[in-house]
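model-v2.pdb (PDB, C-alpha atoms)
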```pdb
ATOM      1  CA  MET A 234     -91.714 -60.430 117.101
ATOM      2  CA  ALA A 235     -93.822 -57.497 115.948
ATOM      3  CA  LYS A 236     -94.406 -54.808 118.503
ATOM      4  CA  GLN A 237     -97.952 -54.703 119.888
ATOM      5  CA  ILE A 238     -99.538 -51.346 119.156
ATOM      6  CA  LYS A 239    -102.234 -49.933 121.419
ATOM      7  CA  THR A 240    -102.276 -46.207 120.576
ATOM      8  CA  ILE A 241    -101.291 -44.500 117.352
ATOM      9  CA  GLY A 242    -100.790 -40.882 116.437
ATOM     10  CA  VAL A 243    -101.551 -39.328 113.078
ATOM     11  CA  LEU A 244    -100.111 -36.113 111.662
ATOM     12  CA  THR A 245     -99.899 -34.246 108.372
ATOM     13  CA  SER A 246     -96.603 -32.646 107.452
ATOM     14  CA  GLY A 247     -95.164 -30.444 104.702
ATOM     15  CA  GLY A 248     -97.379 -28.931 102.015
ATOM     16  CA  ASP A 249    -101.107 -29.562 102.274
ATOM     17  CA  ALA A 250    -102.842 -31.620  99.595
ATOM     18  CA  PRO A 251    -106.519 -32.246  98.762
ATOM     19  CA  GLY A 252    -107.417 -35.690 100.107
ATOM     20  CA  MET A 253    -105.375 -35.461 103.300
ATOM     21  CA  ASN A 254    -108.605 -35.252 105.297
ATOM     22  CA  ALA A 255    -109.886 -38.417 103.638
ATOM     23  CA  ALA A 256    -106.667 -40.161 104.681
ATOM     24  CA  ILE A 257    -106.927 -38.870 108.260
ATOM     25  CA  ARG A 258    -110.528 -40.055 108.428
ATOM     26  CA  ALA A 259    -109.605 -43.530 107.200
ATOM     27  CA  VAL A 260    -106.634 -43.857 109.570
ATOM     28  CA  VAL A 261    -108.799 -42.901 112.554
ATOM     29  CA  ARG A 262    -111.838 -45.032 111.766
ATOM     30  CA  LYS A 263    -109.923 -48.146 110.625
ATOM     31  CA  SER A 264    -107.614 -47.957 113.657
ATOM     32  CA  LEU A 265    -110.609 -47.702 115.975
ATOM     33  CA  ALA A 266    -112.186 -50.672 114.189
ATOM     34  CA  ASN A 267    -108.922 -52.556 114.790
ATOM     35  CA  GLY A 268    -109.196 -51.885 118.522
ATOM     36  CA  LEU A 269    -106.586 -49.116 118.743
ATOM     37  CA  LYS A 270    -106.772 -45.709 120.354
ATOM     38  CA  VAL A 271    -105.970 -42.720 118.147
ATOM     39  CA  LYS A 272    -104.440 -39.333 118.901
ATOM     40  CA  GLY A 273    -104.201 -36.487 116.431
ATOM     41  CA  ILE A 274    -101.109 -34.288 116.337
ATOM     42  CA  LYS A 275    -101.754 -30.757 115.157
ATOM     43  CA  LYS A 276     -99.340 -28.804 112.930
ATOM     44  CA  GLY A 277     -97.077 -31.724 112.001
ATOM     45  CA  TYR A 278     -93.796 -32.375 113.769
ATOM     46  CA  GLN A 279     -93.866 -28.850 115.195
ATOM     47  CA  GLY A 280     -97.137 -29.672 116.926
ATOM     48  CA  LEU A 281     -95.632 -32.902 118.249
ATOM     49  CA  LEU A 282     -92.764 -30.993 119.850
ATOM     50  CA  ASN A 283     -95.258 -28.443 121.217
ATOM     51  CA  GLU A 284     -97.444 -31.292 122.543
ATOM     52  CA  GLU A 285    -100.482 -30.196 120.537
ATOM     53  CA  ILE A 286    -102.031 -33.643 120.854
ATOM     54  CA  ILE A 287    -105.742 -34.497 120.939
ATOM     55  CA  ASP A 288    -107.825 -37.630 121.353
ATOM     56  CA  MET A 289    -109.707 -38.658 118.223
ATOM     57  CA  ASP A 290    -112.849 -40.747 117.748
ATOM     58  CA  ARG A 291    -115.231 -41.408 114.875
ATOM     59  CA  ARG A 292    -116.973 -38.076 115.388
ATOM     60  CA  SER A 293    -113.626 -36.240 115.226
ATOM     61  CA  VAL A 294    -113.427 -37.011 111.515
ATOM     62  CA  ALA A 295    -117.083 -36.671 110.552
ATOM     63  CA  ASP A 296    -117.954 -34.432 107.591
ATOM     64  CA  ILE A 297    -114.346 -33.878 106.472
ATOM     65  CA  ILE A 298    -113.864 -36.181 103.475
ATOM     66  CA  GLN A 299    -115.018 -33.476 101.033
ATOM     67  CA  ARG A 300    -112.862 -30.708 102.520
ATOM     68  CA  GLY A 301    -109.532 -29.577 101.115
ATOM     69  CA  GLY A 302    -106.496 -28.889 103.276
ATOM     70  CA  THR A 303    -105.987 -30.773 106.527
ATOM     71  CA  ILE A 304    -108.033 -30.486 109.719
ATOM     72  CA  LEU A 305    -104.897 -31.268 111.734
ATOM     73  CA  GLY A 306    -102.944 -28.438 110.159
ATOM     74  CA  THR A 307     -99.370 -28.615 108.926
ATOM     75  CA  ALA A 308     -96.127 -26.720 109.440
ATOM     76  CA  ARG A 309     -92.434 -26.907 108.640
ATOM     77  CA  CYS A 310     -90.226 -27.834 111.596
ATOM     78  CA  MET A 311     -86.479 -27.302 111.449
ATOM     79  CA  GLU A 312     -86.051 -28.464 115.052
ATOM     80  CA  PHE A 313     -87.193 -31.949 114.115
ATOM     81  CA  THR A 314     -84.341 -32.258 111.606
ATOM     82  CA  THR A 315     -81.897 -32.318 114.546
ATOM     83  CA  PRO A 316     -81.081 -35.388 116.699
ATOM     84  CA  GLU A 317     -82.206 -33.453 119.770
ATOM     85  CA  GLY A 318     -85.559 -32.649 118.215
ATOM     86  CA  GLN A 319     -86.079 -36.243 117.107
ATOM     87  CA  ALA A 320     -85.268 -37.599 120.577
ATOM     88  CA  LYS A 321     -87.643 -35.053 122.114
ATOM     89  CA  GLY A 322     -90.393 -36.085 119.697
ATOM     90  CA  ALA A 323     -90.000 -39.774 120.567
ATOM     91  CA  GLU A 324     -90.068 -38.973 124.282
ATOM     92  CA  ILE A 325     -93.282 -36.972 123.864
ATOM     93  CA  CYS A 326     -94.816 -39.924 122.011
ATOM     94  CA  ARG A 327     -93.972 -42.185 124.955
ATOM     95  CA  LYS A 328     -95.331 -39.603 127.396
ATOM     96  CA  TYR A 329     -98.724 -39.739 125.659
ATOM     97  CA  GLY A 330     -98.629 -43.507 125.205
ATOM     98  CA  ILE A 331     -98.238 -43.298 121.424
ATOM     99  CA  ASP A 332     -96.690 -46.555 120.181
ATOM    100  CA  GLY A 333     -96.877 -45.759 116.479
ATOM    101  CA  MET A 334     -97.205 -42.768 114.180
ATOM    102  CA  VAL A 335     -98.890 -42.452 110.786
ATOM    103  CA  VAL A 336     -97.276 -39.592 108.857
ATOM    104  CA  ILE A 337     -99.105 -38.130 105.844
ATOM    105  CA  GLY A 338     -96.784 -36.046 103.666
ATOM    106  CA  GLY A 339     -93.888 -36.071 101.222
ATOM    107  CA  ASP A 340     -90.322 -37.337 101.275
ATOM    108  CA  GLY A 341     -89.204 -34.797 103.886
ATOM    109  CA  SER A 342     -91.965 -36.043 106.162
ATOM    110  CA  TYR A 343     -90.779 -39.610 105.587
ATOM    111  CA  ARG A 344     -87.291 -38.722 106.747
ATOM    112  CA  GLY A 345     -88.825 -37.512 110.002
ATOM    113  CA  ALA A 346     -90.792 -40.759 110.272
ATOM    114  CA  GLN A 347     -87.603 -42.715 109.651
ATOM    115  CA  LYS A 348     -85.929 -40.933 112.568
ATOM    116  CA  LEU A 349     -88.898 -41.631 114.855
ATOM    117  CA  SER A 350     -88.715 -45.304 113.918
ATOM    118  CA  ALA A 351     -85.035 -45.337 114.880
ATOM    119  CA  GLN A 352     -86.120 -43.949 118.273
ATOM    120  CA  GLY A 353     -88.446 -46.921 118.820
ATOM    121  CA  ILE A 354     -91.734 -45.420 117.633
ATOM    122  CA  ASN A 355     -93.354 -47.518 114.891
ATOM    123  CA  THR A 356     -93.968 -45.378 111.813
ATOM    124  CA  VAL A 357     -95.937 -45.676 108.574
ATOM    125  CA  GLY A 358     -95.900 -43.002 105.861
ATOM    126  CA  ILE A 359     -98.721 -42.116 103.468
ATOM    127  CA  PRO A 360     -97.823 -40.135 100.294
ATOM    128  CA  GLY A 361     -99.600 -36.802 100.613
ATOM    129  CA  THR A 362     -98.188 -34.424  97.993
ATOM    130  CA  ILE A 363     -99.597 -32.855  94.840
ATOM    131  CA  ASP A 364     -96.244 -33.255  93.046
ATOM    132  CA  LEU A 365     -96.446 -37.039  92.378
ATOM    133  CA  ASP A 366     -92.738 -37.182  93.282
ATOM    134  CA  ILE A 367     -92.681 -40.132  95.704
ATOM    135  CA  THR A 368     -90.723 -42.757  93.833
ATOM    136  CA  CYS A 369     -92.276 -45.955  95.165
ATOM    137  CA  THR A 370     -95.852 -45.066  94.226
ATOM    138  CA  ASP A 371     -97.750 -44.344  91.020
ATOM    139  CA  TYR A 372    -100.188 -42.128  92.938
ATOM    140  CA  THR A 373     -99.859 -39.457  95.609
ATOM    141  CA  ILE A 374    -102.741 -37.869  97.491
ATOM    142  CA  GLY A 375    -103.768 -34.543  95.974
ATOM    143  CA  PHE A 376    -102.236 -34.950  92.524
ATOM    144  CA  ASP A 377    -105.518 -35.698  90.762
ATOM    145  CA  THR A 378    -107.294 -32.697  92.272
ATOM    146  CA  SER A 379    -104.335 -30.446  91.529
ATOM    147  CA  ILE A 380    -104.084 -31.338  87.850
ATOM    148  CA  ASN A 381    -107.827 -30.918  87.396
ATOM    149  CA  THR A 382    -107.679 -27.488  89.055
ATOM    150  CA  ALA A 383    -104.767 -26.467  86.831
ATOM    151  CA  MET A 384    -106.371 -27.938  83.705
ATOM    152  CA  GLU A 385    -109.580 -25.952  84.209
ATOM    153  CA  ALA A 386    -107.624 -22.744  84.826
ATOM    154  CA  ILE A 387    -105.516 -23.246  81.686
ATOM    155  CA  ASP A 388    -108.666 -23.855  79.609
ATOM    156  CA  LYS A 389    -109.934 -20.447  80.745
ATOM    157  CA  ILE A 390    -106.599 -18.777  80.001
ATOM    158  CA  ARG A 391    -106.665 -20.315  76.520
ATOM    159  CA  ASP A 392    -110.012 -18.619  75.820
ATOM    160  CA  THR A 393    -108.662 -15.131  76.464
ATOM    161  CA  SER A 394    -105.301 -15.951  74.839
ATOM    162  CA  SER A 395    -107.140 -16.952  71.679
ATOM    163  CA  SER A 396    -109.375 -13.876  71.764
ATOM    164  CA  HIS A 397    -106.393 -11.521  72.031
ATOM    165  CA  GLU A 398    -104.060 -13.608  69.838
ATOM    166  CA  ARG A 399    -101.506 -13.799  72.655
ATOM    167  CA  VAL A 400     -98.751 -16.038  73.847
ATOM    168  CA  SER A 401     -99.613 -17.263  77.352
ATOM    169  CA  ILE A 402     -97.104 -18.713  79.787
ATOM    170  CA  VAL A 403     -98.863 -20.601  82.571
ATOM    171  CA  GLU A 404     -96.719 -21.531  85.563
ATOM    172  CA  VAL A 405     -97.864 -24.576  87.520
ATOM    173  CA  MET A 406     -96.481 -26.074  90.724
ATOM    174  CA  GLY A 407     -93.560 -28.470  90.701
ATOM    175  CA  ARG A 408     -90.284 -27.196  92.119
ATOM    176  CA  HIS A 409     -88.273 -30.351  91.446
ATOM    177  CA  ALA A 410     -90.818 -32.519  89.637
ATOM    178  CA  GLY A 411     -92.619 -31.711  86.392
ATOM    179  CA  TYR A 412     -95.540 -34.139  86.599
ATOM    180  CA  ILE A 413     -98.241 -31.469  86.964
ATOM    181  CA  ALA A 414     -96.821 -29.596  83.970
ATOM    182  CA  LEU A 415     -96.520 -32.796  81.941
ATOM    183  CA  TRP A 416    -100.084 -33.932  82.546
ATOM    184  CA  CYS A 417    -101.489 -30.447  81.890
ATOM    185  CA  ALA A 418     -99.467 -30.138  78.690
ATOM    186  CA  ILE A 419    -101.251 -33.198  77.321
ATOM    187  CA  ALA A 420    -104.671 -32.407  78.809
ATOM    188  CA  ASN A 421    -104.644 -28.777  77.669
ATOM    189  CA  GLY A 422    -102.956 -29.222  74.310
ATOM    190  CA  ALA A 423    -100.015 -26.965  75.168
ATOM    191  CA  ASP A 424     -97.646 -25.812  72.432
ATOM    192  CA  ASP A 425     -94.540 -25.905  74.638
ATOM    193  CA  ILE A 426     -93.726 -27.568  77.947
ATOM    194  CA  LEU A 427     -90.874 -26.671  80.328
ATOM    195  CA  LEU A 428     -89.949 -29.289  82.939
ATOM    196  CA  PRO A 429     -87.168 -29.174  85.561
ATOM    197  CA  GLU A 430     -86.089 -32.650  84.451
ATOM    198  CA  LYS A 431     -85.901 -31.790  80.752
ATOM    199  CA  TYR A 432     -85.499 -28.064  80.111
ATOM    200  CA  ASP A 433     -82.271 -27.084  78.335
ATOM    201  CA  TYR A 434     -82.855 -23.312  78.752
ATOM    202  CA  ASN A 435     -82.915 -22.905  74.981
ATOM    203  CA  GLU A 436     -85.372 -20.009  74.887
ATOM    204  CA  GLN A 437     -84.643 -19.383  71.225
ATOM    205  CA  ARG A 438     -86.218 -22.732  70.346
ATOM    206  CA  ILE A 439     -89.467 -21.585  72.012
ATOM    207  CA  ILE A 440     -89.327 -18.248  70.182
ATOM    208  CA  ASP A 441     -88.750 -20.003  66.847
ATOM    209  CA  ASN A 442     -91.693 -22.314  67.562
ATOM    210  CA  ILE A 443     -93.993 -19.365  68.284
ATOM    211  CA  ILE A 444     -92.969 -17.558  65.088
ATOM    212  CA  ASP A 445     -93.274 -20.719  62.995
ATOM    213  CA  ASN A 446     -96.759 -21.461  64.374
ATOM    214  CA  ARG A 447     -97.876 -17.880  63.725
ATOM    215  CA  LYS A 448     -96.742 -18.156  60.098
ATOM    216  CA  LYS A 449     -98.858 -21.310  59.799
ATOM    217  CA  GLY A 450    -101.916 -19.374  60.986
ATOM    218  CA  LYS A 451    -102.002 -20.295  64.673
ATOM    219  CA  THR A 452    -103.235 -17.202  66.504
ATOM    220  CA  HIS A 453    -102.303 -18.121  70.088
ATOM    221  CA  HIS A 454     -99.621 -20.117  71.881
ATOM    222  CA  ILE A 455     -99.760 -21.852  75.292
ATOM    223  CA  ILE A 456     -96.572 -22.588  77.231
ATOM    224  CA  ILE A 457     -96.814 -24.696  80.412
ATOM    225  CA  ASN A 458     -93.936 -23.785  82.707
ATOM    226  CA  ALA A 459     -93.107 -25.744  85.865
ATOM    227  CA  GLU A 460     -92.349 -23.833  89.055
ATOM    228  CA  GLY A 461     -88.838 -25.310  89.077
ATOM    229  CA  ILE A 462     -88.048 -23.354  85.897
ATOM    230  CA  GLY A 463     -89.934 -20.269  87.072
ATOM    231  CA  HIS A 464     -89.228 -16.696  85.978
ATOM    232  CA  SER A 465     -92.412 -16.726  83.888
ATOM    233  CA  THR A 466     -92.933 -12.950  83.982
ATOM    234  CA  SER A 467     -89.418 -12.092  82.785
ATOM    235  CA  MET A 468     -89.630 -14.877  80.214
ATOM    236  CA  ALA A 469     -92.852 -13.341  78.891
ATOM    237  CA  ARG A 470     -91.149  -9.956  78.479
ATOM    238  CA  ARG A 471     -88.257 -11.517  76.556
ATOM    239  CA  ILE A 472     -90.548 -13.518  74.277
ATOM    240  CA  GLU A 473     -92.688 -10.456  73.514
ATOM    241  CA  ALA A 474     -89.583  -8.406  72.703
ATOM    242  CA  ALA A 475     -88.242 -11.147  70.408
ATOM    243  CA  THR A 476     -91.495 -11.961  68.597
ATOM    244  CA  GLY A 477     -93.464  -8.732  68.709
ATOM    245  CA  ILE A 478     -96.451 -10.800  69.930
ATOM    246  CA  GLU A 479     -98.258  -9.807  73.105
ATOM    247  CA  THR A 480     -97.187 -12.275  75.801
ATOM    248  CA  ARG A 481     -98.651 -12.696  79.286
ATOM    249  CA  ALA A 482     -97.619 -14.841  82.245
ATOM    250  CA  THR A 483    -100.033 -16.378  84.734
ATOM    251  CA  ILE A 484     -98.761 -18.063  87.904
ATOM    252  CA  LEU A 485    -101.435 -20.399  89.247
ATOM    253  CA  GLY A 486     -99.718 -20.756  92.632
ATOM    254  CA  TYR A 487    -101.427 -22.091  95.726
ATOM    255  CA  MET A 488    -104.857 -22.463  94.167
ATOM    256  CA  GLN A 489    -103.499 -25.842  93.011
ATOM    257  CA  ARG A 490    -103.268 -27.022  96.631
ATOM    258  CA  GLY A 491    -106.825 -26.131  97.580
ATOM    259  CA  GLY A 492    -110.351 -27.181  96.807
ATOM    260  CA  SER A 493    -112.557 -30.168  97.397
ATOM    261  CA  PRO A 494    -110.721 -33.382  96.430
ATOM    262  CA  THR A 495    -111.787 -35.347  93.387
ATOM    263  CA  CYS A 496    -113.427 -38.754  93.697
ATOM    264  CA  LYS A 497    -110.109 -40.452  92.943
ATOM    265  CA  ASP A 498    -108.271 -38.513  95.651
ATOM    266  CA  ARG A 499    -110.997 -39.293  98.188
ATOM    267  CA  VAL A 500    -111.089 -43.011  97.385
ATOM    268  CA  TYR A 501    -107.344 -43.608  97.043
ATOM    269  CA  ALA A 502    -106.575 -41.544 100.159
ATOM    270  CA  SER A 503    -109.175 -43.548 102.077
ATOM    271  CA  MET A 504    -107.682 -46.836 100.906
ATOM    272  CA  MET A 505    -104.168 -45.717 101.801
ATOM    273  CA  GLY A 506    -105.262 -44.523 105.234
ATOM    274  CA  ALA A 507    -107.018 -47.824 105.951
ATOM    275  CA  TYR A 508    -104.023 -49.794 104.664
ATOM    276  CA  ALA A 509    -101.679 -47.781 106.910
ATOM    277  CA  ALA A 510    -103.885 -48.511 109.920
ATOM    278  CA  ASP A 511    -103.831 -52.220 109.127
ATOM    279  CA  ILE A 512    -100.067 -52.568 108.809
ATOM    280  CA  MET A 513     -99.611 -50.420 111.920
ATOM    281  CA  THR A 514    -101.904 -52.817 113.793
ATOM    282  CA  GLN A 515     -99.679 -55.659 112.596
ATOM    283  CA  GLY A 516     -96.723 -53.969 114.283
ATOM    284  CA  LYS A 517     -94.887 -52.984 111.089
ATOM    285  CA  THR A 518     -92.592 -49.982 111.195
ATOM    286  CA  ASN A 519     -90.486 -47.826 108.899
ATOM    287  CA  ARG A 520     -92.924 -48.448 106.042
ATOM    288  CA  VAL A 521     -94.435 -46.306 103.268
ATOM    289  CA  VAL A 522     -97.830 -47.036 101.728
ATOM    290  CA  GLY A 523     -97.930 -46.859  97.940
ATOM    291  CA  TYR A 524    -100.066 -47.703  94.930
ATOM    292  CA  ARG A 525     -98.144 -49.666  92.358
ATOM    293  CA  ASP A 526     -98.960 -52.157  89.606
ATOM    294  CA  GLY A 527    -102.667 -51.709  90.267
ATOM    295  CA  LYS A 528    -102.656 -52.456  93.989
ATOM    296  CA  PHE A 529    -101.970 -50.853  97.371
ATOM    297  CA  GLN A 530     -98.799 -52.113  99.036
ATOM    298  CA  ASP A 531     -96.066 -51.024 101.412
ATOM    299  CA  PHE A 532     -92.331 -50.413 101.068
ATOM    300  CA  ASP A 533     -89.408 -49.847 103.384
ATOM    301  CA  ILE A 534     -88.911 -46.098 103.916
ATOM    302  CA  GLU A 535     -85.184 -46.377 103.207
ATOM    303  CA  GLU A 536     -85.892 -48.199  99.952
ATOM    304  CA  ALA A 537     -88.554 -45.650  99.002
ATOM    305  CA  LEU A 538     -86.273 -42.669  99.627
ATOM    306  CA  ASN A 539     -83.424 -44.203  97.616
ATOM    307  CA  MET A 540     -85.506 -45.024  94.538
ATOM    308  CA  GLU A 541     -85.067 -42.705  91.567
ATOM    309  CA  LYS A 542     -88.163 -41.408  89.809
ATOM    310  CA  SER A 543     -87.793 -39.897  86.377
ATOM    311  CA  ILE A 544     -90.237 -38.414  83.915
ATOM    312  CA  ASP A 545     -91.818 -41.030  81.653
ATOM    313  CA  GLU A 546     -89.885 -40.508  78.418
ATOM    314  CA  TYR A 547     -92.670 -41.806  76.182
ATOM    315  CA  MET A 548     -95.246 -39.575  77.891
ATOM    316  CA  TYR A 549     -92.940 -36.573  77.466
ATOM    317  CA  GLN A 550     -92.432 -37.283  73.769
ATOM    318  CA  ILE A 551     -96.180 -37.658  73.265
ATOM    319  CA  ALA A 552     -96.763 -34.314  75.012
ATOM    320  CA  ARG A 553     -94.372 -32.647  72.561
ATOM    321  CA  ILE A 554     -95.768 -34.389  69.484
ATOM    322  CA  LEU A 555     -99.425 -33.761  70.277
TER     323      LEU A 555
END
```
This structure in structure tokens:
Amino acid sequence: MAKQIKTIGVLTSGGDAPGMNAAIRAVVRKSLANGLKVKGIKKGYQGLLNEEIIDMDRRSVADIIQRGGTILGTARCMEFTTPEGQAKGAEICRKYGIDGMVVIGGDGSYRGAQKLSAQGINTVGIPGTIDLDITCTDYTIGFDTSINTAMEAIDKIRDTSSSHERVSIVEVMGRHAGYIALWCAIANGADDILLPEKYDYNEQRIIDNIIDNRKKGKTHHIIINAEGIGHSTSMARRIEAATGIETRATILGYMQRGGSPTCKDRVYASMMGAYAADIMTQGKTNRVVGYRDGKFQDFDIEEALNMEKSIDEYMYQIARIL
């Protein structure tokens, strides 16, 4: 028999992502509409352990859907990776009458949710990460805003690269996943793309490509480099020394996490938040909300964490051809 839920908590964990506020808003308002009480946990699992817990109502989430970041805040929490920290977190949930927890974050956040579920607290995860690296879903909250932010920045860099006839290396986020780099490579018409999943560290191939393009009359060259490859500044120095062409590196960094979310991020985050509230009301636990095959659905956390997600080979080949 499904556990009856009366009060849920909601927290954001790990890196912030545009659209998290839309998800929080949807979780709160749909849960209230379902007859549940809602408590917000500030600063992720660290805030749970510190008992930074507040009551939330409809007004708590007014005028936030357009804001980047997360109104609940987020933090890393090493203590919650330990059995003692997990047991403490579950006990604090029971102390505040929290029967279930909605966790908005990435795979690390899901592992925390999985441990809470094992402690008897119903948990549902929502994919909030700009990296698009949650295997069970075709969409993660913040990705659309992030790639649009990066795309616009790279367009601007291209203007000055063309004016000065430079090589430009633009480093985008993606420590283990190259989806931001891949999408920007296609959207921005990059000449080279370096992904953690694909890069063979053959820098000479890039140098040969630059020289060959210059001989054909191309006056600038854009390289999209994922954070997982990194070392953009030293790479720029080596390329300039090898080609004799002025080469500059630009690291876009945390600007990709910020800003007002796009329409897609607002709508999809809202749908995921509402969906999470619904399955929590039904008493489900250890679940992850995802968007797959054109619809919102839920998966077992264990299944979601064990799935392998690889770069779309056809998309990668198209990025290189175009």
- Run the PyMOL selection byres ((chain A and resi 549-552) around 8) on the file and write out the hits as a ChimeraX atom specification. /A:415,418-419,426,544-548,553-555
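Shortest atom-to-atom contact with Ala507 in chain A among A:Ile402, A:Val335, A:Cys369, A:Ala323: A:Val335, counting all atoms listed in the file.
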- Answer key for the PyMOL selection byres ((chain A and resi 515-523) around 6), residues as a PyMOL selection string: chain A and resi 235-237+347+350+355-359+370+512-514+524+529-534
Range 452-536 of chain A near range 244-252 of chain A within 8 Å: what's each residue's closest atom pair and its distance in Å to one decimal, counting all atoms listed in the file, ordered by chain then ascending residue number, as JSON lines?
```
{"residue": "A:Arg490", "atom": "CA", "partner": "A:Ala250", "partner_atom": "CA", "distance": 5.5}
{"residue": "A:Gly491", "atom": "CA", "partner": "A:Pro251", "partner_atom": "CA", "distance": 6.2}
{"residue": "A:Gly492", "atom": "CA", "partner": "A:Pro251", "partner_atom": "CA", "distance": 6.6}
{"residue": "A:Ser493", "atom": "CA", "partner": "A:Pro251", "partner_atom": "CA", "distance": 6.5}
{"residue": "A:Pro494", "atom": "CA", "partner": "A:Pro251", "partner_atom": "CA", "distance": 4.9}
{"residue": "A:Asp498", "atom": "CA", "partner": "A:Gly252", "partner_atom": "CA", "distance": 5.3}
{"residue": "A:Arg499", "atom": "CA", "partner": "A:Gly252", "partner_atom": "CA", "distance": 5.4}
{"residue": "A:Ala502", "atom": "CA", "partner": "A:Gly252", "partner_atom": "CA", "distance": 5.9}
```
- Query: Exactly which residues make up the result of the PyMOL selection byres ((chain A and resi 262) around 12) on this file, given as a ChimeraX atom specification?
  - Reply: /A:241,243,255-261,263-272,289-295,503-504,506-511
- Task: Find the distance between CA of Asn254 in chain A and CA of Thr373 in chain A and write it in Å to one decimal.
- Result: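 These atoms are spaced 13.7 Å apart.
Taking CA of Gly345 in chain A and CA of Thr368 in chain A as the two end points, the separation is 17.1 Å.
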- Query: Which one is closest to Thr382 in chain A: A:Met505, A:Leu485, A:Ala410, A:Ile304? Count all atoms listed in the file.
  - Reply: A:Leu485
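We find CA of Gly486 in chain A and CA of Glu285 in chain A to be spaced 29.5 Å apart.
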Once 4 Å is added on each side, what centre and edge lengths in Å to one decimal does the axis-aligned box around all listed atoms of range 311-318 of chain A have, as lines of an AutoDock Vina configuration file?
```
center_x = -84.1
center_y = -31.3
center_z = 115.6
size_x = 14.1
size_y = 16.1
size_z = 16.3
```
- Kindly provide, as a count of residues only, the polymer residues lying within 12 Å of (-92.6, -33.5, 109.0), counting all atoms listed in the file and using the coordinates exactly as they appear in the file. 47
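The nearest approach to Cys417 in chain A among the residues A:Glu398, A:Lys449, A:Gly273, A:Ala383, with only C-alpha atoms taken into account, belongs to A:Ala383.
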- Item | Minimum-distance residue to Leu427 in chain A, chosen among A:Ile298, A:Ile354, A:Met488, A:Ala459 (using all atoms listed in the file) |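 Using all atoms listed in the file, Leu427 in chain A sits closest to A:Ala459.
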- Which neighbours of Arg408 in chain A fall inside 12 Å, counting only C-alpha atoms, when residues of the same chain fewer than 4 positions from it are skipped, and could you give them as a PyMOL selection string? chain A and resi 363-366+404+412-414+427-430+458-463+486
- For Ile455 in chain A, the nearest of the candidates A:Asp526, A:Asp425, A:Glu536, A:Asp441, counting all atoms listed in the file: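 Comparing A:Asp526, A:Asp425, A:Glu536, A:Asp441 against Ile455 in chain A, the winner is A:Asp425.
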- Item | Minimum-distance residue to Gly242 in chain A, chosen among A:Lys542, A:Arg391, A:His453, A:Arg327 (using all atoms listed in the file) |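 Of all the options, A:Arg327 lies closest to Gly242 in chain A.
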- Neighbour list for range 477-483 of chain A as a ChimeraX atom specification, cut-off 6 Å, only C-alpha atoms, skip fewer than 5 positions in-chain: /A:399-403,465-466,469
